[in-house]
>>> print(open('final37.cif').read())   # mmCIF, C-alpha atoms and all ligand atoms
data_input
loop_
_atom_site.label_atom_id
_atom_site.label_comp_id
_atom_site.auth_asym_id
_atom_site.auth_seq_id
_atom_site.Cartn_x
_atom_site.Cartn_y
_atom_site.Cartn_z
CA MET A 280 -11.23 2.43 -24.51
CA ASP A 281 -7.97 1.21 -25.93
CA TYR A 282 -6.08 4.14 -27.40
CA GLY A 283 -3.01 1.95 -27.84
CA ALA A 284 0.28 3.67 -28.42
CA ARG A 285 -1.20 6.82 -29.93
CA ARG A 286 0.46 9.99 -28.72
CA VAL A 287 -2.14 11.37 -26.39
CA SER A 288 -1.09 14.97 -26.69
CA ALA A 289 -1.31 14.98 -30.49
CA LEU A 290 -4.34 16.05 -32.47
CA SER A 291 -5.96 12.83 -33.68
CA ARG A 292 -8.62 12.44 -36.33
CA ASN A 293 -11.33 9.97 -37.14
CA VAL A 294 -14.19 9.45 -39.55
CA GLU A 295 -17.33 8.45 -37.75
CA LEU A 296 -20.95 7.64 -38.18
CA LYS A 297 -23.78 6.98 -35.73
CA VAL A 298 -27.12 5.24 -36.33
CA ARG A 299 -30.03 4.20 -34.16
CA ASP A 300 -30.10 0.43 -33.89
CA PRO A 301 -33.55 -1.12 -33.67
CA ASP A 302 -32.10 -4.65 -33.47
CA PRO A 303 -28.80 -4.65 -31.53
CA ALA A 304 -28.65 -8.47 -31.29
CA ALA A 305 -28.74 -8.79 -35.08
CA THR A 306 -26.10 -6.07 -35.50
CA LEU A 307 -23.83 -7.77 -32.97
CA ALA A 308 -24.19 -11.08 -34.80
CA ARG A 309 -23.28 -9.39 -38.12
CA ALA A 310 -20.33 -7.62 -36.53
CA LEU A 311 -18.99 -10.80 -34.93
CA ALA A 312 -19.21 -12.49 -38.35
CA LEU A 313 -16.93 -9.89 -40.02
CA PRO A 314 -13.71 -11.54 -41.24
CA GLY A 315 -10.79 -10.45 -39.06
CA VAL A 316 -12.93 -8.71 -36.42
CA ARG A 317 -11.64 -8.54 -32.84
CA ASP A 318 -14.13 -8.54 -29.98
CA GLU A 319 -12.89 -6.32 -27.15
CA GLY A 320 -15.88 -7.05 -24.95
CA GLU A 321 -18.08 -4.71 -22.97
CA ILE A 322 -17.11 -1.37 -21.45
CA ARG A 323 -19.13 0.81 -19.05
CA GLN A 324 -18.58 4.45 -19.88
CA ARG A 325 -19.64 7.66 -18.22
CA ASP A 326 -19.01 10.90 -20.13
CA THR A 327 -19.43 14.21 -18.33
CA TYR A 328 -19.69 17.12 -20.79
CA PHE A 329 -18.54 20.55 -19.67
CA ALA A 330 -19.57 23.98 -20.91
CA THR A 331 -16.92 25.39 -23.27
CA THR A 332 -16.47 28.46 -25.40
CA SER A 333 -15.38 26.46 -28.44
CA GLY A 334 -15.46 22.77 -29.33
CA ARG A 335 -16.48 20.09 -26.88
CA LEU A 336 -14.91 18.86 -23.68
CA LYS A 337 -15.77 15.66 -21.87
CA LEU A 338 -14.35 13.56 -19.09
CA ARG A 339 -14.65 9.90 -19.96
CA GLU A 340 -14.57 7.46 -17.08
CA GLU A 341 -14.72 3.81 -18.06
CA ALA A 342 -14.38 0.33 -16.70
CA ASP A 343 -14.11 -3.09 -18.31
CA ALA A 344 -12.61 -6.50 -17.57
CA ARG A 345 -9.12 -4.94 -17.69
CA GLY A 346 -9.83 -2.26 -15.10
CA ALA A 347 -10.83 1.40 -14.85
CA ARG A 348 -9.46 4.38 -16.80
CA ALA A 349 -10.25 8.03 -17.40
CA HIS A 350 -9.41 10.51 -20.15
CA LEU A 351 -10.17 14.13 -20.76
CA ILE A 352 -11.23 14.45 -24.40
CA ALA A 353 -11.36 17.76 -26.28
CA TYR A 354 -12.84 17.54 -29.75
CA THR A 355 -14.62 19.29 -32.57
CA ARG A 356 -17.13 17.70 -34.83
CA PRO A 357 -19.43 19.08 -37.48
CA ASP A 358 -22.99 17.75 -37.12
CA GLU A 359 -23.65 16.21 -40.48
CA THR A 360 -25.94 13.48 -41.64
CA ALA A 361 -23.16 11.60 -43.46
CA ALA A 362 -19.99 10.02 -42.12
CA ARG A 363 -18.06 12.95 -40.68
CA ALA A 364 -14.48 13.73 -39.81
CA SER A 365 -13.63 14.95 -36.35
CA SER A 366 -10.41 15.82 -34.58
CA TYR A 367 -9.69 15.31 -30.92
CA ARG A 368 -7.10 15.41 -28.18
CA LEU A 369 -6.87 12.92 -25.34
CA ALA A 370 -5.28 13.40 -21.95
CA PRO A 371 -5.10 10.49 -19.50
CA ILE A 372 -6.47 11.44 -16.08
CA ALA A 373 -5.23 9.83 -12.88
CA GLU A 374 -7.79 11.42 -10.55
CA PRO A 375 -11.04 11.75 -12.48
CA GLU A 376 -13.20 12.67 -9.50
CA ALA A 377 -11.02 15.63 -8.59
CA LEU A 378 -10.97 16.80 -12.19
CA ARG A 379 -14.74 16.36 -12.57
CA GLU A 380 -15.29 18.50 -9.47
CA ALA A 381 -12.83 21.15 -10.62
CA LEU A 382 -14.35 21.45 -14.11
CA SER A 383 -17.95 21.20 -12.92
CA SER A 384 -17.47 24.02 -10.45
CA SER A 385 -15.56 26.26 -12.86
CA LEU A 386 -16.98 25.58 -16.36
CA GLY A 387 -20.23 23.85 -15.40
CA ALA A 388 -21.29 20.29 -16.29
CA LEU A 389 -23.85 20.22 -19.11
CA VAL A 390 -24.92 16.61 -19.24
CA VAL A 391 -23.80 13.11 -18.23
CA VAL A 392 -24.03 10.26 -20.73
CA ASP A 393 -23.96 6.73 -19.28
CA LYS A 394 -23.68 3.75 -21.58
CA ARG A 395 -22.70 0.13 -22.04
CA ARG A 396 -20.48 -0.25 -25.07
CA ARG A 397 -19.56 -3.47 -26.88
CA LEU A 398 -16.33 -2.70 -28.69
CA LEU A 399 -15.19 -4.55 -31.80
CA LEU A 400 -12.19 -3.68 -33.95
CA TRP A 401 -12.03 -4.24 -37.69
CA GLU A 402 -9.00 -2.93 -39.60
CA ASN A 403 -8.60 0.61 -38.22
CA VAL A 404 -12.34 0.93 -37.54
CA ARG A 405 -13.80 0.80 -34.08
CA VAL A 406 -17.32 -0.64 -34.02
CA HIS A 407 -19.33 0.58 -31.03
CA LEU A 408 -22.58 -1.16 -30.15
CA ASP A 409 -23.97 1.17 -27.51
CA GLU A 410 -26.81 0.97 -25.03
CA VAL A 411 -27.21 4.55 -23.83
CA ASP A 412 -29.19 5.33 -20.65
CA GLY A 413 -32.28 7.31 -21.56
CA LEU A 414 -31.68 7.08 -25.33
CA GLY A 415 -31.64 3.40 -26.35
CA SER A 416 -29.49 1.38 -28.76
CA PHE A 417 -27.05 2.81 -31.28
CA ALA A 418 -24.25 1.57 -33.50
CA GLU A 419 -21.21 3.74 -34.24
CA LEU A 420 -18.34 3.31 -36.66
CA GLU A 421 -15.16 5.21 -35.96
CA ALA A 422 -12.27 4.91 -38.41
CA VAL A 423 -9.12 6.12 -36.71
CA VAL A 424 -7.11 8.19 -39.18
CA GLU A 425 -3.53 7.14 -39.59
CA GLY A 426 -0.83 9.71 -40.38
CA GLY A 427 -1.58 12.23 -43.10
CA SER A 428 -4.37 10.21 -44.74
CA ASP A 429 -6.68 12.12 -47.09
CA LEU A 430 -9.53 10.16 -45.43
CA THR A 431 -10.43 8.20 -48.58
CA THR A 432 -9.60 4.81 -47.03
CA GLU A 433 -11.36 5.74 -43.80
CA HIS A 434 -14.54 6.77 -45.63
CA GLU A 435 -14.41 3.60 -47.75
CA ARG A 436 -14.03 1.34 -44.73
CA VAL A 437 -16.83 3.07 -42.88
CA ALA A 438 -19.07 2.76 -45.95
CA HIS A 439 -18.16 -0.92 -46.30
CA LEU A 440 -18.99 -1.69 -42.67
CA ARG A 441 -22.16 0.35 -42.84
CA GLU A 442 -23.32 -1.93 -45.63
CA GLN A 443 -22.09 -5.16 -44.01
CA LEU A 444 -23.81 -4.34 -40.72
CA GLU A 445 -26.95 -3.10 -42.53
CA LEU A 446 -26.93 0.15 -40.59
CA GLY A 447 -29.79 2.59 -41.20
CA GLU A 448 -30.10 6.33 -41.28
CA VAL A 449 -27.31 8.40 -39.73
CA VAL A 450 -28.06 10.32 -36.54
CA PRO A 451 -26.33 13.72 -36.49
CA GLY A 452 -24.90 15.06 -33.25
CA SER A 453 -23.55 13.38 -30.17
CA TYR A 454 -25.30 11.44 -27.42
CA SER A 455 -24.97 14.56 -25.29
CA ASP A 456 -26.93 16.53 -27.91
CA LEU A 457 -29.57 13.84 -28.11
CA LEU A 458 -29.94 13.79 -24.33
CA ARG A 459 -30.01 17.54 -24.06
CA ASP A 460 -32.49 17.74 -26.93
CA GLY A 461 -34.66 15.09 -25.27
CA PRO A 462 -37.70 15.95 -23.24
CA GLN A 463 -36.56 15.73 -19.63
CA VAL A 464 -34.17 18.67 -19.34
CA LEU A 465 -36.61 20.97 -21.14
CA LEU A 466 -39.68 19.76 -19.24
CA ALA A 467 -37.86 20.39 -15.97
CA ALA A 468 -37.05 23.95 -17.07
CA ALA A 469 -40.64 24.56 -18.19
CA ASP A 470 -41.97 23.14 -14.93
CA ALA A 471 -39.64 25.32 -12.86
CA VAL A 472 -40.58 28.54 -14.66
CA MET A 473 -44.29 27.64 -14.55
CA ARG A 474 -44.10 28.17 -10.79
CA ASN A 475 -43.43 31.86 -11.52
CA ALA A 476 -46.38 32.25 -13.90
CA TYR A 477 -48.76 35.14 -13.19
CA ALA A 478 -52.14 33.44 -13.60
CA ALA A 479 -54.18 35.80 -11.41
CA TYR A 480 -57.39 35.41 -13.49
CA SER A 481 -57.39 31.91 -14.98
CA ASP A 482 -55.48 30.21 -12.16
CA PHE A 483 -53.98 28.14 -14.99
CA PRO A 484 -50.19 28.60 -14.78
CA VAL A 485 -48.14 27.58 -17.82
CA GLY A 486 -44.38 27.36 -18.38
CA ALA A 487 -42.50 26.96 -21.65
CA ALA A 488 -38.84 26.14 -22.28
CA LEU A 489 -37.02 26.53 -25.59
CA ARG A 490 -33.70 25.08 -26.62
CA THR A 491 -31.44 26.80 -29.11
CA PRO A 492 -29.02 24.92 -31.41
CA ASP A 493 -26.06 25.78 -29.15
CA GLY A 494 -27.79 24.04 -26.23
CA THR A 495 -28.98 27.14 -24.39
CA VAL A 496 -32.30 26.67 -22.59
CA ILE A 497 -34.56 29.71 -22.32
CA ALA A 498 -37.80 29.64 -20.33
CA GLY A 499 -40.87 31.83 -20.04
CA ALA A 500 -44.09 31.86 -18.02
CA SER A 501 -47.63 32.95 -18.77
CA VAL A 502 -48.39 36.53 -17.70
CA GLU A 503 -52.03 37.59 -17.34
CA ASN A 504 -53.62 41.00 -17.09
CA ALA A 505 -56.80 42.55 -15.69
CA ALA A 506 -57.48 43.62 -19.27
CA TYR A 507 -57.71 39.97 -20.32
CA PRO A 508 -56.58 40.25 -23.95
CA GLN A 509 -53.29 41.79 -22.77
CA GLY A 510 -52.31 38.48 -21.18
CA GLN A 511 -49.40 36.60 -22.70
CA CYS A 512 -48.83 32.88 -23.11
CA ALA A 513 -45.76 31.16 -21.70
CA GLU A 514 -44.47 30.40 -25.20
CA ALA A 515 -44.62 34.07 -26.15
CA SER A 516 -42.74 35.03 -22.97
CA ALA A 517 -40.05 32.45 -23.72
CA ILE A 518 -39.73 33.55 -27.35
CA GLY A 519 -39.30 37.16 -26.23
CA ALA A 520 -36.49 36.13 -23.89
CA LEU A 521 -34.89 34.01 -26.62
CA VAL A 522 -34.83 36.87 -29.08
CA ALA A 523 -33.67 39.33 -26.43
CA ALA A 524 -30.73 37.00 -25.66
CA GLY A 525 -29.66 37.22 -29.30
CA HIS A 526 -30.97 33.87 -30.53
CA ARG A 527 -32.96 33.29 -33.70
CA GLU A 528 -33.52 29.56 -33.76
CA ILE A 529 -35.51 27.09 -31.65
CA SER A 530 -34.34 23.46 -31.74
CA ALA A 531 -36.79 22.00 -29.18
CA VAL A 532 -39.80 23.11 -27.16
CA ALA A 533 -41.44 21.96 -23.90
CA VAL A 534 -44.70 23.21 -22.42
CA VAL A 535 -45.91 22.37 -18.90
CA ALA A 536 -49.19 23.39 -17.25
CA GLU A 537 -50.00 22.91 -13.60
CA LYS A 538 -53.56 21.75 -14.22
CA LEU A 539 -53.31 19.73 -17.42
CA ASP A 540 -51.18 16.65 -18.09
CA VAL A 541 -50.74 17.63 -21.72
CA CYS A 542 -51.12 21.35 -22.46
CA PRO A 543 -51.41 21.91 -26.21
CA PRO A 544 -49.99 25.27 -27.31
CA CYS A 545 -52.73 27.66 -28.41
CA GLY A 546 -53.10 28.44 -32.10
CA GLY A 547 -51.33 31.77 -31.86
CA CYS A 548 -48.32 30.24 -30.11
CA ARG A 549 -48.03 27.57 -32.78
CA GLN A 550 -47.54 30.37 -35.28
CA ARG A 551 -45.09 32.14 -32.94
CA LEU A 552 -43.01 28.98 -32.49
CA LYS A 553 -43.06 28.28 -36.22
CA GLU A 554 -41.37 31.62 -36.90
CA PHE A 555 -38.13 30.38 -35.24
CA ALA A 556 -38.41 26.60 -35.66
CA ARG A 557 -38.48 23.99 -38.41
CA PRO A 558 -41.40 21.67 -39.17
CA GLU A 559 -39.45 18.78 -37.58
CA THR A 560 -38.58 20.70 -34.39
CA PRO A 561 -39.76 18.56 -31.46
CA VAL A 562 -42.41 19.85 -29.05
CA TYR A 563 -42.72 18.01 -25.72
CA LEU A 564 -45.97 18.33 -23.80
CA GLY A 565 -46.16 16.80 -20.33
CA ARG A 566 -44.45 17.04 -16.98
CA PRO A 567 -40.93 16.14 -15.84
CA GLY A 568 -40.78 12.43 -15.06
CA GLY A 569 -44.33 11.84 -16.37
CA PRO A 570 -45.67 10.62 -19.70
CA VAL A 571 -44.66 12.91 -22.55
CA HIS A 572 -46.71 13.71 -25.63
CA ALA A 573 -44.03 14.34 -28.25
CA THR A 574 -45.07 16.16 -31.38
CA THR A 575 -43.47 18.63 -33.79
CA VAL A 576 -44.01 22.23 -34.80
CA GLY A 577 -45.05 21.03 -38.28
CA GLU A 578 -47.64 18.63 -36.86
CA LEU A 579 -49.05 21.37 -34.68
CA LEU A 580 -49.27 23.87 -37.54
CA PRO A 581 -49.75 22.39 -40.98
CA LEU A 582 -50.08 24.79 -43.90
CA ALA A 583 -48.47 27.54 -41.84
CA PHE A 584 -48.44 31.11 -43.01
CA ASP A 585 -44.80 31.95 -43.57
CA GLU A 586 -42.39 34.30 -45.31
CA GLU A 587 -42.95 32.49 -48.61
CA ALA A 588 -46.60 33.51 -48.53
CA LEU A 589 -45.47 37.12 -48.15
CA ALA A 590 -43.09 36.84 -51.09
N1 LIG B 1 -51.59 29.55 -21.91
C1 LIG B 1 -50.28 29.52 -22.24
O1 LIG B 1 -49.45 30.09 -21.54
N2 LIG B 1 -49.89 28.83 -23.35
C2 LIG B 1 -50.74 28.16 -24.17
O2 LIG B 1 -50.32 27.71 -25.23
C3 LIG B 1 -52.14 27.99 -23.78
C4 LIG B 1 -52.62 28.92 -22.72
C5 LIG B 1 -52.00 30.33 -20.74
C6 LIG B 1 -52.56 31.68 -21.13
C7 LIG B 1 -53.44 31.98 -19.95
O3 LIG B 1 -52.68 32.63 -18.96
C8 LIG B 1 -53.87 30.64 -19.42
O4 LIG B 1 -53.03 29.69 -20.04
C9 LIG B 1 -55.32 30.28 -19.72
O5 LIG B 1 -55.60 30.46 -21.06
#
>>> encode(input="final37.cif", output="structure tokens", more="lines below")
Ligand code: THU
Amino acid sequence: MDYGARRVSALSRNVELKVRDPDPAATLARALALPGVRDEGEIRQRDTYFATTSGRLKLREEADARGARAHLIAYTRPDETAARASSYRLAPIAEPEALREALSSSLGALVVVDKRRRLLLWENVRVHLDEVDGLGSFAELEAVVEGGSDLTTEHERVAHLREQLELGEVVPGSYSDLLRDGPQVLLAAADAVMRNAYAAYSDFPVGAALRTPDGTVIAGASVENAAYPQGQCAEASAIGALVAAGHREISAVAVVAEKLDVCPPCGGCRQRLKEFARPETPVYLGRPGGPVHATTVGELLPLAFDEEALA
């Protein structure tokens, strides 16, 4: 990434927007046709995200035709579905491996995002055409804010390019969120906890993992009882742990059963999940590394009984 002569220690700002790109070749052709655009070529980037108490922290390691570089990037960004302003600080890193080890062992590494980025520059807007491992193709616009701008120009330029490049619906959140909200991390957690299930009567162990909006993953296993109706599903166990840990919102769900490729949550658990989720909250049914049946809480429980019915 070319940060030019910007003062790396200063707080920098940008206005940015991310969309899924179903046709990256067409977007690239449109971007290359922009008057005055500069093609900076392809960059390989690896971002390691670390656990933080506020904001986000990632180590970016990248390589392109000009060589290899690394920066530590601290930033904040509201997750909105429009173009959004974010502020960030950059620190150049001479020994990225040593820093990655130090931060991973102290703070903890949350997720690694690998991508190929085609970088184009238009005015003060960076156009990113990204191929992200495990996520697919995206286009990003990032208007770098100059001086004490009130962001009007930046928003206008982003809107202009969005139209020129025919970019679709904005994706909120970062690639790290999308990866962490994807199926694999949650399925692995559900699979791991399933091994602790107490399935003494059915011999049908089940594990469930729930993600909260702050990225926490909470898992629970099925717990049976000699008095059969006292048994508890994995989802109920996980929800109990989620509430006990102080959370009130589920942003993604995974369910894994030892003896079924796709274990549909029982009717009661659909209602339990609905209490803390939204209709669009994803539910992943499958096994880690295997085919995943992706559905949503709303699909699983149409016409749900909810607090509105009580009112
Ligand atoms: N089970 C779950 O844990 N979750 C579901 O959604 C379906 C069923 C468990 C409960 C019981 O221990 C076993 O599967 C057989 O019903």
>>> residues_near_ligand(input="final37.cif", ligand="ligand LIG 1 (chain B)", cutoff="10 Å", atoms="only C-alpha atoms and all ligand atoms", output="ChimeraX atom specification")
/A:473,476-487,499-504,507-517,534-538,542-549
>>> closest_residue(input="final37.cif", among="A:Gln443, A:Ser416, A:Ser455, A:Asn403", to="Asp326 of chain A", atoms="all atoms listed in the file")
A:Ser455
>>> axis_aligned_box(input="final37.cif", around="segment 363-375 of chain A", padding_each_side="4 Å", output="lines of an AutoDock Vina configuration file")
center_x = -11.6
center_y = 12.8
center_z = -25.6
size_x = 21.0
size_y = 14.0
size_z = 38.1
>>> residues_near_point(input="final37.cif", point="(-1.7, 9.2, -13.6)", cutoff="12 Å", atoms="only C-alpha atoms", output="ChimeraX atom specification")
/A:348-350,370-375
>>> write_last_selection(input="final37.cif", atoms="C-alpha atoms", output="short mmCIF file (atom, residue, chain, number, x, y, z; two decimals), keeping the file's coordinate frame")
data_model
loop_
_atom_site.label_atom_id
_atom_site.label_comp_id
_atom_site.auth_asym_id
_atom_site.auth_seq_id
_atom_site.Cartn_x
_atom_site.Cartn_y
_atom_site.Cartn_z
CA ARG A 348 -9.46 4.38 -16.80
CA ALA A 349 -10.25 8.03 -17.40
CA HIS A 350 -9.41 10.51 -20.15
CA ALA A 370 -5.28 13.40 -21.95
CA PRO A 371 -5.10 10.49 -19.50
CA ILE A 372 -6.47 11.44 -16.08
CA ALA A 373 -5.23 9.83 -12.88
CA GLU A 374 -7.79 11.42 -10.55
CA PRO A 375 -11.04 11.75 -12.48
#
>>> closest_residue(input="final37.cif", among="A:Gln324, A:Ser365, A:Thr560, A:Thr331", to="Asp343 of chain A", atoms="only C-alpha atoms")
A:Gln324
>>> residues_around(input="final37.cif", residues="Glu421 of chain A", least_positions_apart="5", cutoff="8 Å", atoms="only C-alpha atoms", output="compact mmCIF listing (two decimals) with C-alpha atoms, in the frame of the given file")
# COMPACT_ATOMS: atom_id res chain seq x y z
CA ASN A 293 -11.33 9.97 -37.14
CA VAL A 294 -14.19 9.45 -39.55
CA GLU A 295 -17.33 8.45 -37.75
CA LEU A 296 -20.95 7.64 -38.18
CA VAL A 404 -12.34 0.93 -37.54
CA ARG A 405 -13.80 0.80 -34.08
CA VAL A 406 -17.32 -0.64 -34.02
CA HIS A 407 -19.33 0.58 -31.03
CA VAL A 437 -16.83 3.07 -42.88
>>> residues_around(input="final37.cif", residues="Val576 of chain A", least_positions_apart="5", cutoff="10 Å", atoms="all atoms listed in the file", output="ChimeraX atom specification")
/A:531-532,549-550,552-554,556-562,581,583
>>> closest_residue(input="final37.cif", among="A:Ala353, A:Leu311, A:Ala330, A:Leu338", to="Leu386 of chain A", atoms="only C-alpha atoms")
A:Ala330
>>> residues_near_point(input="final37.cif", point="(-42.3, 19.4, -20.7)", cutoff="8 Å", atoms="all atoms listed in the file", output="PDB file with C-alpha atoms, in the coordinates of the input")
ATOM      1  CA  PRO A 462     -37.700  15.950 -23.240  1.00  0.00           C
ATOM      2  CA  GLN A 463     -36.560  15.730 -19.630  1.00  0.00           C
ATOM      3  CA  LEU A 465     -36.610  20.970 -21.140  1.00  0.00           C
ATOM      4  CA  LEU A 466     -39.680  19.760 -19.240  1.00  0.00           C
ATOM      5  CA  ALA A 467     -37.860  20.390 -15.970  1.00  0.00           C
ATOM      6  CA  ALA A 468     -37.050  23.950 -17.070  1.00  0.00           C
ATOM      7  CA  ALA A 469     -40.640  24.560 -18.190  1.00  0.00           C
ATOM      8  CA  ASP A 470     -41.970  23.140 -14.930  1.00  0.00           C
ATOM      9  CA  ALA A 487     -42.500  26.960 -21.650  1.00  0.00           C
ATOM     10  CA  ALA A 488     -38.840  26.140 -22.280  1.00  0.00           C
ATOM     11  CA  VAL A 532     -39.800  23.110 -27.160  1.00  0.00           C
ATOM     12  CA  ALA A 533     -41.440  21.960 -23.900  1.00  0.00           C
ATOM     13  CA  VAL A 534     -44.700  23.210 -22.420  1.00  0.00           C
ATOM     14  CA  VAL A 535     -45.910  22.370 -18.900  1.00  0.00           C
ATOM     15  CA  TYR A 563     -42.720  18.010 -25.720  1.00  0.00           C
ATOM     16  CA  LEU A 564     -45.970  18.330 -23.800  1.00  0.00           C
ATOM     17  CA  GLY A 565     -46.160  16.800 -20.330  1.00  0.00           C
ATOM     18  CA  ARG A 566     -44.450  17.040 -16.980  1.00  0.00           C
ATOM     19  CA  PRO A 567     -40.930  16.140 -15.840  1.00  0.00           C
ATOM     20  CA  VAL A 571     -44.660  12.910 -22.550  1.00  0.00           C
TER      21      VAL A 571
END
>>> atom_distance(input="final37.cif", atom1="atom CA of Glu402 of chain A", atom2="atom CA of Leu414 of chain A")
28.6 Å
>>> closest_residue(input="final37.cif", among="A:Gly320, A:Val472, A:Phe329, A:Asp540", to="Ser385 of chain A", atoms="all atoms listed in the file")
A:Phe329
>>> closest_residue(input="final37.cif", among="A:Val391, A:Ala289, A:Leu400, A:Ala381", to="Asp412 of chain A", atoms="all atoms listed in the file")
A:Val391
>>> residues_around(input="final37.cif", residues="Glu419 of chain A", least_positions_apart="6", cutoff="12 Å", atoms="only C-alpha atoms", output="ChimeraX atom specification")
/A:294-300,303,306-307,310,362-363,396-400,404-410,437-438,440-441,444,446-454
>>> closest_residue(input="final37.cif", among="A:Ser366, A:Thr327, A:Ser384, A:Thr332", to="Leu351 of chain A", atoms="all atoms listed in the file")
A:Thr327
>>> build_atoms(input="final37.cif", residues="segment 484-490 of chain A", atoms="all heavy atoms", output="tab-separated table (two decimals), keeping the file's coordinate frame")
chain	number	residue	atom	x	y	z
A	484	PRO	N	-51.58	28.23	-14.47
A	484	PRO	CA	-50.19	28.60	-14.78
A	484	PRO	C	-49.58	27.70	-15.86
A	484	PRO	O	-49.82	26.49	-15.87
A	484	PRO	CB	-49.45	28.39	-13.45
A	484	PRO	CG	-50.49	28.10	-12.43
A	484	PRO	CD	-51.73	27.65	-13.13
A	485	VAL	N	-48.81	28.31	-16.73
A	485	VAL	CA	-48.14	27.58	-17.82
A	485	VAL	C	-46.68	28.02	-17.87
A	485	VAL	O	-46.36	29.20	-17.65
A	485	VAL	CB	-48.82	27.86	-19.18
A	485	VAL	CG1	-48.14	27.07	-20.31
A	485	VAL	CG2	-50.31	27.51	-19.13
A	486	GLY	N	-45.80	27.06	-18.17
A	486	GLY	CA	-44.38	27.36	-18.38
A	486	GLY	C	-43.94	26.79	-19.72
A	486	GLY	O	-44.43	25.74	-20.14
A	487	ALA	N	-43.04	27.47	-20.39
A	487	ALA	CA	-42.50	26.96	-21.65
A	487	ALA	C	-40.98	27.07	-21.60
A	487	ALA	O	-40.44	28.02	-21.03
A	487	ALA	CB	-43.04	27.76	-22.84
A	488	ALA	N	-40.31	26.08	-22.19
A	488	ALA	CA	-38.84	26.14	-22.28
A	488	ALA	C	-38.45	25.88	-23.73
A	488	ALA	O	-39.03	25.01	-24.39
A	488	ALA	CB	-38.20	25.13	-21.35
A	489	LEU	N	-37.49	26.64	-24.21
A	489	LEU	CA	-37.02	26.53	-25.59
A	489	LEU	C	-35.54	26.22	-25.57
A	489	LEU	O	-34.80	26.78	-24.76
A	489	LEU	CB	-37.23	27.86	-26.33
A	489	LEU	CG	-38.62	28.47	-26.22
A	489	LEU	CD1	-38.63	29.87	-26.85
A	489	LEU	CD2	-39.65	27.57	-26.90
A	490	ARG	N	-35.14	25.33	-26.47
A	490	ARG	CA	-33.70	25.08	-26.62
A	490	ARG	C	-33.24	25.72	-27.92
A	490	ARG	O	-33.98	25.75	-28.90
A	490	ARG	CB	-33.42	23.59	-26.66
A	490	ARG	CG	-31.93	23.28	-26.56
A	490	ARG	CD	-31.63	21.84	-26.83
A	490	ARG	NE	-32.52	20.94	-26.11
A	490	ARG	CZ	-32.45	20.69	-24.83
A	490	ARG	NH1	-31.51	21.24	-24.11
A	490	ARG	NH2	-33.30	19.88	-24.26
